[in-house]
>>> print(open('input38.tsv').read())   # TSV, C-alpha atoms
chain	number	residue	atom	x	y	z
N	1	MET	CA	-130.56	24.02	-128.41
N	2	SER	CA	-127.36	21.96	-128.72
N	3	ARG	CA	-128.13	20.53	-125.26
N	4	LEU	CA	-131.57	19.48	-126.49
N	5	LEU	CA	-129.99	17.90	-129.57
N	6	GLY	CA	-127.54	16.08	-127.33
N	7	LEU	CA	-130.42	14.70	-125.27
N	8	VAL	CA	-132.27	13.55	-128.39
N	9	VAL	CA	-129.14	11.83	-129.71
N	10	ALA	CA	-128.53	10.18	-126.31
N	11	GLY	CA	-132.13	9.00	-126.30
N	12	MET	CA	-131.81	7.58	-129.79
N	13	VAL	CA	-128.62	5.74	-128.83
N	14	MET	CA	-130.41	4.23	-125.82
N	15	ILE	CA	-133.38	3.14	-127.94
N	16	THR	CA	-131.03	1.55	-130.48
N	17	ALA	CA	-129.22	-0.33	-127.71
N	18	CYS	CA	-132.54	-1.70	-126.50
N	19	ALA	CA	-133.90	-2.78	-129.86
N	20	THR	CA	-131.11	-4.65	-131.62
N	21	PRO	CA	-129.81	-8.22	-131.24
N	22	ALA	CA	-126.49	-6.65	-130.27
N	23	GLY	CA	-125.98	-4.37	-127.29
N	24	GLN	CA	-123.29	-2.81	-125.18
N	25	VAL	CA	-123.22	-3.07	-121.39
N	26	GLY	CA	-120.22	-1.20	-120.01
N	27	GLY	CA	-117.19	-2.70	-121.75
N	28	ILE	CA	-119.08	-5.83	-122.79
N	29	ARG	CA	-120.69	-6.23	-126.17
N	30	ILE	CA	-123.58	-8.70	-126.41
N	31	GLU	CA	-123.87	-10.17	-129.90
N	32	ASN	CA	-126.18	-12.51	-131.81
N	33	ALA	CA	-128.72	-13.21	-129.07
N	34	TRP	CA	-130.97	-16.06	-130.26
N	35	SER	CA	-133.40	-18.66	-129.07
N	36	ARG	CA	-135.34	-21.52	-130.63
N	37	PRO	CA	-139.05	-22.24	-131.03
N	38	ALA	CA	-140.75	-23.57	-127.87
N	39	ALA	CA	-144.32	-24.09	-126.68
N	40	ALA	CA	-146.02	-21.96	-124.04
N	41	GLY	CA	-145.60	-23.56	-120.62
N	42	SER	CA	-142.41	-25.34	-121.62
N	43	ASN	CA	-138.80	-24.25	-121.19
N	44	GLY	CA	-136.51	-22.42	-123.58
N	45	ALA	CA	-132.89	-21.42	-123.93
N	46	VAL	CA	-131.16	-18.19	-124.94
N	47	TYR	CA	-127.68	-18.05	-126.46
N	48	PHE	CA	-125.37	-15.09	-127.24
N	49	THR	CA	-121.73	-14.05	-127.39
N	50	LEU	CA	-120.15	-11.70	-124.86
N	51	ARG	CA	-117.11	-9.71	-126.03
N	52	ASN	CA	-115.30	-7.85	-123.32
N	53	SER	CA	-113.12	-4.88	-124.19
N	54	GLY	CA	-113.02	-3.75	-120.56
N	55	GLY	CA	-111.91	-5.27	-117.27
N	56	ALA	CA	-112.86	-8.74	-116.06
N	57	ASP	CA	-116.54	-9.09	-115.18
N	58	ARG	CA	-119.08	-11.83	-114.58
N	59	LEU	CA	-122.60	-12.37	-115.90
N	60	VAL	CA	-124.67	-13.01	-112.77
N	61	ALA	CA	-128.34	-12.74	-113.78
N	62	ALA	CA	-130.77	-12.65	-116.68
N	63	SER	CA	-134.44	-11.81	-116.75
N	64	THR	CA	-137.17	-11.66	-119.38
N	65	ASP	CA	-140.92	-11.12	-119.52
N	66	VAL	CA	-141.51	-14.23	-121.61
N	67	ALA	CA	-140.66	-16.69	-118.82
N	68	ARG	CA	-141.57	-17.25	-115.18
N	69	ALA	CA	-137.85	-17.42	-114.30
N	70	SER	CA	-134.47	-17.26	-116.04
N	71	GLU	CA	-131.36	-19.02	-114.82
N	72	ILE	CA	-127.80	-19.40	-116.02
N	73	HIS	CA	-127.19	-23.05	-116.87
N	74	LYS	CA	-124.41	-25.13	-118.27
N	75	THR	CA	-124.76	-28.40	-120.15
N	76	SER	CA	-121.84	-30.74	-119.89
N	77	THR	CA	-121.52	-34.15	-121.49
N	78	GLU	CA	-119.46	-36.90	-119.95
N	79	GLY	CA	-119.43	-40.45	-121.23
N	80	GLY	CA	-122.29	-39.58	-123.57
N	81	VAL	CA	-124.51	-38.43	-120.68
N	82	ALA	CA	-125.71	-34.82	-120.94
N	83	ARG	CA	-126.30	-32.99	-117.69
N	84	MET	CA	-127.56	-29.46	-117.01
N	85	THR	CA	-126.30	-27.56	-114.00
N	86	HIS	CA	-127.52	-24.27	-112.56
N	87	VAL	CA	-124.46	-22.03	-112.22
N	88	THR	CA	-124.10	-18.77	-110.27
N	89	GLY	CA	-122.49	-16.90	-113.14
N	90	ILE	CA	-120.19	-16.89	-116.15
N	91	ASP	CA	-116.80	-15.19	-115.99
N	92	VAL	CA	-116.06	-12.84	-118.87
N	93	PRO	CA	-112.28	-12.32	-118.81
N	94	ALA	CA	-110.77	-8.90	-119.55
N	95	GLY	CA	-110.29	-8.58	-123.30
N	96	GLY	CA	-111.85	-12.03	-123.81
N	97	SER	CA	-115.08	-13.43	-125.17
N	98	ILE	CA	-117.49	-16.16	-124.14
N	99	GLU	CA	-120.06	-17.85	-126.37
N	100	LEU	CA	-123.25	-19.22	-124.87
N	101	LYS	CA	-124.22	-22.05	-127.22
N	102	PRO	CA	-126.13	-25.35	-127.37
N	103	GLY	CA	-124.40	-28.06	-125.37
N	104	SER	CA	-122.67	-25.48	-123.17
N	105	TYR	CA	-123.61	-22.31	-121.27
N	106	HIS	CA	-127.12	-20.95	-121.88
N	107	ILE	CA	-129.84	-18.94	-120.20
N	108	MET	CA	-132.60	-21.38	-119.31
N	109	LEU	CA	-136.07	-19.86	-119.64
N	110	ILE	CA	-138.31	-21.64	-117.16
N	111	GLY	CA	-142.06	-21.72	-117.76
N	112	LEU	CA	-142.58	-19.75	-120.97
N	113	ASN	CA	-145.73	-17.68	-120.68
N	114	ARG	CA	-146.13	-17.58	-124.44
N	115	GLU	CA	-145.14	-19.65	-127.42
N	116	LEU	CA	-141.88	-18.73	-129.13
N	117	ARG	CA	-142.17	-19.00	-132.91
N	118	GLY	CA	-139.45	-18.63	-135.53
N	119	GLY	CA	-139.04	-14.93	-136.35
N	120	ASP	CA	-140.37	-13.73	-132.97
N	121	LYS	CA	-138.36	-11.24	-130.96
N	122	PHE	CA	-138.26	-10.62	-127.22
N	123	SER	CA	-136.11	-8.71	-124.74
N	124	ILE	CA	-133.74	-10.06	-122.14
N	125	THR	CA	-131.94	-8.04	-119.45
N	126	LEU	CA	-128.47	-9.13	-118.43
N	127	THR	CA	-126.82	-8.08	-115.17
N	128	PHE	CA	-123.10	-8.24	-114.47
N	129	GLN	CA	-121.20	-8.37	-111.18
N	130	SER	CA	-119.83	-4.87	-111.81
N	131	GLY	CA	-123.42	-3.62	-111.52
N	132	ALA	CA	-123.70	-2.93	-115.25
N	133	SER	CA	-126.98	-4.05	-116.75
N	134	GLY	CA	-128.53	-3.86	-120.21
N	135	THR	CA	-131.32	-5.14	-122.37
N	136	VAL	CA	-130.92	-6.82	-125.77
N	137	THR	CA	-133.34	-8.27	-128.27
N	138	VAL	CA	-133.39	-12.03	-128.70
N	139	GLU	CA	-134.34	-13.40	-132.12
N	140	VAL	CA	-136.18	-16.73	-132.25
N	141	LYS	CA	-134.55	-18.74	-135.02
N	142	GLY	CA	-136.70	-21.28	-136.83
N	143	ASN	CA	-135.82	-24.98	-136.80
N	144	ASP	CA	-135.08	-25.05	-140.50
N	145	PRO	CA	-132.16	-24.97	-141.07
N	146	PRO	CA	-131.12	-25.98	-137.57
N	147	PRO	CA	-128.68	-23.66	-135.80
N	148	ALA	CA	-125.15	-25.02	-135.39
N	149	TYR	CA	-124.45	-27.05	-132.29
Z	1	MET	CA	-96.96	-49.06	-191.11
Z	2	LYS	CA	-99.26	-46.05	-190.96
Z	3	ARG	CA	-102.10	-48.37	-190.02
Z	4	LEU	CA	-100.00	-49.84	-187.24
Z	5	VAL	CA	-99.31	-46.35	-185.80
Z	6	LEU	CA	-102.98	-45.46	-185.99
Z	7	LEU	CA	-103.88	-48.69	-184.27
Z	8	SER	CA	-101.41	-48.14	-181.45
Z	9	VAL	CA	-102.60	-44.51	-180.97
Z	10	ALA	CA	-106.19	-45.71	-180.91
Z	11	SER	CA	-105.46	-48.47	-178.42
Z	12	THR	CA	-103.51	-46.02	-176.20
Z	13	LEU	CA	-106.48	-43.67	-176.26
Z	14	ILE	CA	-108.91	-46.45	-175.44
Z	15	PHE	CA	-106.65	-47.64	-172.63
Z	16	ALA	CA	-106.47	-44.09	-171.21
Z	17	ALA	CA	-110.24	-43.74	-171.42
Z	18	VAL	CA	-110.78	-47.07	-169.65
Z	19	VAL	CA	-108.32	-46.12	-166.88
Z	20	THR	CA	-109.96	-42.70	-166.44
Z	21	ALA	CA	-113.42	-44.28	-166.26
Z	22	ALA	CA	-112.21	-46.89	-163.76
Z	23	VAL	CA	-110.65	-44.22	-161.54
Z	24	ALA	CA	-113.83	-42.13	-161.75
Z	25	VAL	CA	-115.94	-45.14	-160.73
Z	26	MET	CA	-113.57	-45.93	-157.86
Z	27	LEU	CA	-113.67	-42.33	-156.64
Z	28	THR	CA	-117.43	-42.07	-156.73
Z	29	THR	CA	-118.16	-45.49	-155.22
Z	30	ARG	CA	-115.52	-45.29	-152.46
Z	31	PRO	CA	-117.51	-45.30	-149.21
Z	32	LYS	CA	-117.63	-41.96	-147.43
Z	33	PRO	CA	-116.07	-41.85	-143.97
Z	34	VAL	CA	-118.64	-42.47	-141.22
Z	35	THR	CA	-118.97	-39.90	-138.41
Z	36	ALA	CA	-121.30	-41.90	-136.14
Z	37	SER	CA	-120.03	-44.41	-133.57
Z	38	LEU	CA	-120.23	-47.68	-135.51
Z	39	MET	CA	-121.17	-50.92	-133.80
Z	40	ALA	CA	-118.50	-53.53	-134.45
Z	41	ASN	CA	-121.08	-56.31	-134.15
Z	42	ALA	CA	-124.55	-55.37	-135.29
Z	43	LEU	CA	-126.51	-56.90	-132.41
Z	44	PRO	CA	-130.25	-57.42	-132.66
Z	45	ALA	CA	-132.10	-54.54	-130.95
Z	46	ALA	CA	-133.88	-55.99	-127.91
Z	47	ASP	CA	-137.63	-55.79	-128.31
Z	48	PHE	CA	-139.87	-53.62	-126.15
Z	49	SER	CA	-143.50	-52.65	-126.08
Z	50	LEU	CA	-144.48	-49.16	-124.85
Z	51	ARG	CA	-147.51	-46.88	-125.05
Z	52	ASP	CA	-147.29	-44.00	-127.51
Z	53	THR	CA	-148.81	-40.51	-127.08
Z	54	GLU	CA	-152.14	-41.82	-128.46
Z	55	GLY	CA	-152.30	-44.67	-125.95
Z	56	ARG	CA	-151.47	-47.31	-128.56
Z	57	SER	CA	-149.01	-50.04	-127.76
Z	58	VAL	CA	-145.90	-49.82	-129.97
Z	59	THR	CA	-143.62	-52.83	-130.27
Z	60	LEU	CA	-140.16	-52.29	-131.72
Z	61	SER	CA	-140.25	-55.58	-133.66
Z	62	SER	CA	-143.46	-54.46	-135.39
Z	63	LEU	CA	-141.37	-51.75	-137.06
Z	64	ARG	CA	-139.10	-54.36	-138.71
Z	65	GLY	CA	-138.54	-53.37	-142.31
Z	66	LYS	CA	-138.18	-49.70	-141.40
Z	67	PRO	CA	-134.99	-48.02	-140.26
Z	68	VAL	CA	-135.55	-46.79	-136.67
Z	69	LEU	CA	-133.83	-43.93	-134.87
Z	70	LEU	CA	-134.31	-44.48	-131.13
Z	71	THR	CA	-133.60	-41.55	-128.84
Z	72	PHE	CA	-134.19	-40.68	-125.18
Z	73	GLY	CA	-135.03	-37.25	-123.73
Z	74	TYR	CA	-137.64	-35.17	-121.91
Z	75	THR	CA	-139.79	-32.24	-122.95
Z	76	SER	CA	-138.61	-29.69	-120.37
Z	77	CYS	CA	-135.09	-30.16	-121.74
Z	78	PRO	CA	-134.37	-26.82	-123.47
Z	79	ASP	CA	-130.83	-27.39	-124.72
Z	80	VAL	CA	-129.68	-30.88	-125.78
Z	81	CYS	CA	-132.98	-32.57	-126.74
Z	82	PRO	CA	-134.01	-29.84	-129.22
Z	83	VAL	CA	-130.57	-30.08	-130.83
Z	84	THR	CA	-130.94	-33.84	-131.31
Z	85	LEU	CA	-134.54	-33.67	-132.56
Z	86	VAL	CA	-133.99	-30.79	-134.95
Z	87	LYS	CA	-130.99	-32.57	-136.46
Z	88	LEU	CA	-132.81	-35.90	-136.83
Z	89	ALA	CA	-135.65	-34.04	-138.55
Z	90	GLN	CA	-133.25	-32.25	-140.85
Z	91	ALA	CA	-131.33	-35.43	-141.73
Z	92	LYS	CA	-134.60	-37.20	-142.54
Z	93	ALA	CA	-135.74	-34.25	-144.68
Z	94	GLN	CA	-132.40	-34.25	-146.52
Z	95	LEU	CA	-132.84	-37.90	-147.50
Z	96	GLY	CA	-136.12	-37.01	-149.19
Z	97	PRO	CA	-138.06	-40.07	-150.45
Z	98	ARG	CA	-135.23	-42.37	-149.25
Z	99	GLY	CA	-135.89	-41.25	-145.66
Z	100	LYS	CA	-139.65	-41.53	-145.92
Z	101	ASP	CA	-140.03	-44.78	-143.97
Z	102	LEU	CA	-137.44	-43.75	-141.36
Z	103	GLN	CA	-139.16	-43.92	-137.96
Z	104	VAL	CA	-137.95	-41.71	-135.11
Z	105	LEU	CA	-138.90	-43.01	-131.64
Z	106	PHE	CA	-138.54	-40.67	-128.67
Z	107	ILE	CA	-138.74	-42.33	-125.24
Z	108	THR	CA	-139.25	-39.86	-122.41
Z	109	VAL	CA	-136.96	-40.32	-119.41
Z	110	ASP	CA	-139.32	-38.10	-117.39
Z	111	PRO	CA	-142.60	-40.03	-117.25
Z	112	ASP	CA	-143.55	-38.24	-114.00
Z	113	ARG	CA	-143.94	-34.91	-115.81
Z	114	ASP	CA	-144.27	-35.76	-119.51
Z	115	ARG	CA	-147.96	-36.17	-120.25
Z	116	PRO	CA	-148.87	-37.67	-123.66
Z	117	ASP	CA	-150.29	-34.42	-125.10
Z	118	VAL	CA	-147.17	-32.47	-124.04
Z	119	VAL	CA	-144.89	-35.03	-125.68
Z	120	ARG	CA	-147.03	-35.02	-128.85
Z	121	SER	CA	-146.91	-31.25	-129.30
Z	122	TYR	CA	-143.22	-31.12	-128.33
Z	123	LEU	CA	-142.29	-33.61	-131.06
Z	124	ALA	CA	-144.60	-32.00	-133.62
Z	125	GLN	CA	-142.38	-28.91	-133.49
Z	126	TYR	CA	-139.70	-30.98	-135.19
Z	127	ASP	CA	-141.60	-33.55	-137.27
Z	128	PRO	CA	-145.21	-34.66	-136.69
Z	129	ALA	CA	-144.22	-38.21	-137.75
Z	130	PHE	CA	-141.86	-38.60	-134.78
Z	131	LEU	CA	-143.39	-41.06	-132.35
Z	132	GLY	CA	-143.32	-40.31	-128.61
Z	133	LEU	CA	-143.31	-43.26	-126.21
Z	134	ILE	CA	-144.27	-42.84	-122.57
Z	135	PRO	CA	-143.08	-45.69	-120.38
Z	136	THR	CA	-144.13	-46.30	-116.80
Z	137	PRO	CA	-141.22	-45.76	-114.37
Z	138	GLU	CA	-140.72	-49.56	-114.29
Z	139	GLU	CA	-140.79	-49.87	-118.09
Z	140	LEU	CA	-138.31	-46.99	-118.36
Z	141	GLU	CA	-135.94	-48.69	-115.96
Z	142	GLU	CA	-136.06	-51.84	-118.03
Z	143	VAL	CA	-135.70	-50.31	-121.50
Z	144	ALA	CA	-132.88	-48.03	-120.29
Z	145	LYS	CA	-131.04	-51.00	-118.79
Z	146	THR	CA	-131.45	-52.98	-122.00
Z	147	TYR	CA	-130.00	-50.19	-124.12
Z	148	HIS	CA	-127.34	-49.06	-121.61
Z	149	VAL	CA	-129.01	-45.68	-121.35
Z	150	VAL	CA	-128.35	-43.64	-118.23
Z	151	TYR	CA	-130.99	-41.30	-116.75
Z	152	GLU	CA	-130.95	-39.56	-113.42
Z	153	LYS	CA	-133.04	-36.89	-111.68
Z	154	GLN	CA	-130.96	-33.89	-110.77
Z	155	PRO	CA	-132.19	-31.44	-108.15
Z	156	GLY	CA	-132.66	-27.93	-109.55
Z	157	SER	CA	-133.85	-24.58	-108.25
Z	158	GLU	CA	-137.34	-24.06	-106.92
Z	159	ALA	CA	-138.30	-22.45	-110.22
Z	160	ALA	CA	-136.86	-25.14	-112.51
Z	161	GLY	CA	-137.68	-28.16	-110.39
Z	162	TYR	CA	-135.52	-31.11	-111.22
Z	163	THR	CA	-133.75	-31.70	-114.53
Z	164	MET	CA	-132.84	-35.06	-116.03
Z	165	ALA	CA	-129.31	-36.11	-116.85
Z	166	HIS	CA	-129.53	-38.62	-119.69
Z	167	THR	CA	-127.61	-40.41	-122.40
Z	168	ALA	CA	-127.72	-38.11	-125.41
Z	169	ALA	CA	-127.11	-40.78	-128.06
Z	170	THR	CA	-129.54	-41.86	-130.78
Z	171	LEU	CA	-129.45	-45.57	-131.62
Z	172	VAL	CA	-129.67	-46.30	-135.32
Z	173	ILE	CA	-131.48	-49.60	-136.00
Z	174	ASP	CA	-131.52	-51.06	-139.52
Z	175	ARG	CA	-134.44	-52.62	-141.40
Z	176	GLU	CA	-133.46	-56.05	-140.04
Z	177	GLY	CA	-133.72	-54.80	-136.47
Z	178	ARG	CA	-130.00	-54.60	-135.69
Z	179	VAL	CA	-128.31	-51.71	-133.87
Z	180	ARG	CA	-125.75	-50.39	-136.36
Z	181	MET	CA	-124.47	-47.08	-134.99
Z	182	LEU	CA	-124.95	-44.25	-132.52
Z	183	PHE	CA	-125.58	-40.62	-133.45
Z	184	TRP	CA	-124.43	-37.83	-131.11
Z	185	PRO	CA	-125.84	-34.30	-130.76
Z	186	GLU	CA	-122.53	-32.84	-131.98
Z	187	MET	CA	-123.01	-34.41	-135.42
Z	188	SER	CA	-124.43	-32.30	-138.24
Z	189	PRO	CA	-127.61	-33.29	-140.12
Z	190	ASP	CA	-125.41	-33.74	-143.23
Z	191	GLU	CA	-123.23	-36.24	-141.41
Z	192	MET	CA	-126.29	-38.12	-140.12
Z	193	ALA	CA	-127.86	-38.27	-143.58
Z	194	SER	CA	-124.59	-39.39	-145.14
Z	195	ASP	CA	-124.06	-42.12	-142.51
Z	196	LEU	CA	-127.62	-43.39	-143.01
Z	197	GLN	CA	-126.86	-43.75	-146.72
Z	198	THR	CA	-123.46	-45.36	-146.20
Z	199	VAL	CA	-124.30	-47.74	-143.35
Z	200	LEU	CA	-128.00	-48.44	-143.87
Z	201	GLY	CA	-127.99	-48.02	-147.63
Z	202	LEU	CA	-130.80	-45.46	-147.66
>>> encode(input="input38.tsv", output="structure tokens")
Amino acid sequence: MSRLLGLVVAGMVMITACATPAGQVGGIRIENAWSRPAAAGSNGAVYFTLRNSGGADRLVAASTDVARASEIHKTSTEGGVARMTHVTGIDVPAGGSIELKPGSYHIMLIGLNRELRGGDKFSITLTFQSGASGTVTVEVKGNDPPPAY
Amino acid sequence: MKRLVLLSVASTLIFAAVVTAAVAVMLTTRPKPVTASLMANALPAADFSLRDTEGRSVTLSSLRGKPVLLTFGYTSCPDVCPVTLVKLAQAKAQLGPRGKDLQVLFITVDPDRDRPDVVRSYLAQYDPAFLGLIPTPEELEEVAKTYHVVYEKQPGSEAAGYTMAHTAATLVIDREGRVRMLFWPEMSPDEMASDLQTVLGL
């Protein structure tokens, strides 16, 4: 009986981890995953904060059903010229945190297969170099008021 | 004697009131600091004529009398362009009736991929009154050169195709057709709205 209860609790914990904008993958906590409105067929971007209470790790991949492909990108601005580069991963130092945000690191969603409207939610799966992988919910924030840069 | 005292008290009070009022006026009329990059010499914005998303020819000089916000971008840009457009829309909304005749012009730096209907629906997400201009590659080269705007195709993955590196500034042109300042994506809508009031007198 207590084993059954344990299983149910474990199941509930897993479901919770899958359905909230925050999630835990190994020692890394994924917080405040958000995106902005975008038309079907166009591209989108996903932002979140990674807080690492464990050893050093590296975000190496992201995938979601809402887009044809997902890549880790970084925007950098030099001399007023903004440039987006496809990067192989983002280091998450031991005990440190990294914020993916506009004008910096983001997950680029390539070829959205549906429109993203303010208030929508979708899932994204993040994979780390350590092999840890987890799914979090991304909230589409409306354009009014605009999210901070 | 008593009258003299009363008179001096009254005049002191009046003097204090006048000083307080003057200070209050000075404080409220002192110009707010500007966040945008200000142009030292407000040069006339060079004219251009480009097709909009409806196929109409739009000439910059025909917009004289309206403040114009001129920005460059492309619709498959998921990060910087939405930031700029959402902030321009918000700043315009904040100005209310004073921002009503403000015209935002968006020139695509990706005419190979940006079809008119795509540009129209992309801009409508932010403000349906934003006007999208689609130059030919030759027109783009010329208008970019005129405004010192950089754009460059960058090879991407097979999935993403290429991306465009581009100048992320928005040129602010006053009612007389002079370039007065540059807005940057890092600025907040509040700062943009405040600068439009301070510099353009909106």
>>> atom_distance(input="input38.tsv", atom1="CA of Lys121 in chain N", atom2="CA of Arg115 in chain Z")
28.8 Å
>>> interface_residues(input="input38.tsv", of="chain N", to="chain Z", cutoff="12 Å", atoms="all atoms listed in the file", output="PDB file with C-alpha atoms, in the frame of the given file")
ATOM      1  CA  SER N  35    -133.400 -18.660-129.070  1.00  0.00           C
ATOM      2  CA  ARG N  36    -135.340 -21.520-130.630  1.00  0.00           C
ATOM      3  CA  PRO N  37    -139.050 -22.240-131.030  1.00  0.00           C
ATOM      4  CA  ALA N  38    -140.750 -23.570-127.870  1.00  0.00           C
ATOM      5  CA  ALA N  39    -144.320 -24.090-126.680  1.00  0.00           C
ATOM      6  CA  ALA N  40    -146.020 -21.960-124.040  1.00  0.00           C
ATOM      7  CA  GLY N  41    -145.600 -23.560-120.620  1.00  0.00           C
ATOM      8  CA  SER N  42    -142.410 -25.340-121.620  1.00  0.00           C
ATOM      9  CA  ASN N  43    -138.800 -24.250-121.190  1.00  0.00           C
ATOM     10  CA  GLY N  44    -136.510 -22.420-123.580  1.00  0.00           C
ATOM     11  CA  ALA N  45    -132.890 -21.420-123.930  1.00  0.00           C
ATOM     12  CA  VAL N  46    -131.160 -18.190-124.940  1.00  0.00           C
ATOM     13  CA  TYR N  47    -127.680 -18.050-126.460  1.00  0.00           C
ATOM     14  CA  ALA N  67    -140.660 -16.690-118.820  1.00  0.00           C
ATOM     15  CA  ARG N  68    -141.570 -17.250-115.180  1.00  0.00           C
ATOM     16  CA  ALA N  69    -137.850 -17.420-114.300  1.00  0.00           C
ATOM     17  CA  SER N  70    -134.470 -17.260-116.040  1.00  0.00           C
ATOM     18  CA  GLU N  71    -131.360 -19.020-114.820  1.00  0.00           C
ATOM     19  CA  ILE N  72    -127.800 -19.400-116.020  1.00  0.00           C
ATOM     20  CA  HIS N  73    -127.190 -23.050-116.870  1.00  0.00           C
ATOM     21  CA  LYS N  74    -124.410 -25.130-118.270  1.00  0.00           C
ATOM     22  CA  THR N  75    -124.760 -28.400-120.150  1.00  0.00           C
ATOM     23  CA  SER N  76    -121.840 -30.740-119.890  1.00  0.00           C
ATOM     24  CA  THR N  77    -121.520 -34.150-121.490  1.00  0.00           C
ATOM     25  CA  GLU N  78    -119.460 -36.900-119.950  1.00  0.00           C
ATOM     26  CA  GLY N  79    -119.430 -40.450-121.230  1.00  0.00           C
ATOM     27  CA  GLY N  80    -122.290 -39.580-123.570  1.00  0.00           C
ATOM     28  CA  VAL N  81    -124.510 -38.430-120.680  1.00  0.00           C
ATOM     29  CA  ALA N  82    -125.710 -34.820-120.940  1.00  0.00           C
ATOM     30  CA  ARG N  83    -126.300 -32.990-117.690  1.00  0.00           C
ATOM     31  CA  MET N  84    -127.560 -29.460-117.010  1.00  0.00           C
ATOM     32  CA  THR N  85    -126.300 -27.560-114.000  1.00  0.00           C
ATOM     33  CA  HIS N  86    -127.520 -24.270-112.560  1.00  0.00           C
ATOM     34  CA  VAL N  87    -124.460 -22.030-112.220  1.00  0.00           C
ATOM     35  CA  THR N  88    -124.100 -18.770-110.270  1.00  0.00           C
ATOM     36  CA  LEU N 100    -123.250 -19.220-124.870  1.00  0.00           C
ATOM     37  CA  LYS N 101    -124.220 -22.050-127.220  1.00  0.00           C
ATOM     38  CA  PRO N 102    -126.130 -25.350-127.370  1.00  0.00           C
ATOM     39  CA  GLY N 103    -124.400 -28.060-125.370  1.00  0.00           C
ATOM     40  CA  SER N 104    -122.670 -25.480-123.170  1.00  0.00           C
ATOM     41  CA  TYR N 105    -123.610 -22.310-121.270  1.00  0.00           C
ATOM     42  CA  HIS N 106    -127.120 -20.950-121.880  1.00  0.00           C
ATOM     43  CA  ILE N 107    -129.840 -18.940-120.200  1.00  0.00           C
ATOM     44  CA  MET N 108    -132.600 -21.380-119.310  1.00  0.00           C
ATOM     45  CA  LEU N 109    -136.070 -19.860-119.640  1.00  0.00           C
ATOM     46  CA  ILE N 110    -138.310 -21.640-117.160  1.00  0.00           C
ATOM     47  CA  GLY N 111    -142.060 -21.720-117.760  1.00  0.00           C
ATOM     48  CA  LEU N 112    -142.580 -19.750-120.970  1.00  0.00           C
ATOM     49  CA  GLU N 115    -145.140 -19.650-127.420  1.00  0.00           C
ATOM     50  CA  LEU N 116    -141.880 -18.730-129.130  1.00  0.00           C
ATOM     51  CA  ARG N 117    -142.170 -19.000-132.910  1.00  0.00           C
ATOM     52  CA  GLY N 118    -139.450 -18.630-135.530  1.00  0.00           C
ATOM     53  CA  GLY N 142    -136.700 -21.280-136.830  1.00  0.00           C
ATOM     54  CA  ASN N 143    -135.820 -24.980-136.800  1.00  0.00           C
ATOM     55  CA  ASP N 144    -135.080 -25.050-140.500  1.00  0.00           C
ATOM     56  CA  PRO N 145    -132.160 -24.970-141.070  1.00  0.00           C
ATOM     57  CA  PRO N 146    -131.120 -25.980-137.570  1.00  0.00           C
ATOM     58  CA  PRO N 147    -128.680 -23.660-135.800  1.00  0.00           C
ATOM     59  CA  ALA N 148    -125.150 -25.020-135.390  1.00  0.00           C
ATOM     60  CA  TYR N 149    -124.450 -27.050-132.290  1.00  0.00           C
TER      61      TYR N 149
END
>>> residues_near_point(input="input38.tsv", point="(-141.3, -13.0, -121.6)", cutoff="7 Å", atoms="all atoms listed in the file", output="ChimeraX atom specification")
/N:64-67,112-113,122
>>> residues_near_point(input="input38.tsv", point="(-138.4, -54.1, -139.7)", cutoff="12 Å", atoms="only C-alpha atoms", output="tab-separated table (two decimals) with C-alpha atoms, keeping the file's coordinate frame")
chain	number	residue	atom	x	y	z
Z	44	PRO	CA	-130.25	-57.42	-132.66
Z	45	ALA	CA	-132.10	-54.54	-130.95
Z	47	ASP	CA	-137.63	-55.79	-128.31
Z	59	THR	CA	-143.62	-52.83	-130.27
Z	60	LEU	CA	-140.16	-52.29	-131.72
Z	61	SER	CA	-140.25	-55.58	-133.66
Z	62	SER	CA	-143.46	-54.46	-135.39
Z	63	LEU	CA	-141.37	-51.75	-137.06
Z	64	ARG	CA	-139.10	-54.36	-138.71
Z	65	GLY	CA	-138.54	-53.37	-142.31
Z	66	LYS	CA	-138.18	-49.70	-141.40
Z	67	PRO	CA	-134.99	-48.02	-140.26
Z	68	VAL	CA	-135.55	-46.79	-136.67
Z	101	ASP	CA	-140.03	-44.78	-143.97
Z	102	LEU	CA	-137.44	-43.75	-141.36
Z	103	GLN	CA	-139.16	-43.92	-137.96
Z	173	ILE	CA	-131.48	-49.60	-136.00
Z	174	ASP	CA	-131.52	-51.06	-139.52
Z	175	ARG	CA	-134.44	-52.62	-141.40
Z	176	GLU	CA	-133.46	-56.05	-140.04
Z	177	GLY	CA	-133.72	-54.80	-136.47
Z	178	ARG	CA	-130.00	-54.60	-135.69
Z	179	VAL	CA	-128.31	-51.71	-133.87
>>> residues_around(input="input38.tsv", residues="range 127-133 of chain Z", least_positions_apart="4", cutoff="7 Å", atoms="all atoms listed in the file", output="list in words")
Leu50, Arg51, Asp52, Thr53, Ala89, Gln103, Val104, Leu105, Phe106, Ile107, Thr108, Val119, Arg120 and Leu123 of chain Z
>>> closest_residue(input="input38.tsv", among="Z:Pro33, Z:Gly99, Z:Val143, Z:Leu70", to="Phe183 in chain Z", atoms="only C-alpha atoms")
Z:Leu70
>>> atom_distance(input="input38.tsv", atom1="CA of Ser53 in chain N", atom2="CA of Thr125 in chain N")
19.7 Å
>>> atom_distance(input="input38.tsv", atom1="CA of Gly26 in chain N", atom2="CA of Phe128 in chain N")
9.4 Å
>>> residues_around(input="input38.tsv", residues="Ile98 in chain N", least_positions_apart="2", cutoff="10 Å", atoms="only C-alpha atoms", output="list of chain:residue names")
N:Ile30, N:Phe48, N:Thr49, N:Leu50, N:Arg51, N:Asn52, N:Ile90, N:Asp91, N:Val92, N:Pro93, N:Gly96, N:Leu100, N:Lys101, N:Tyr105
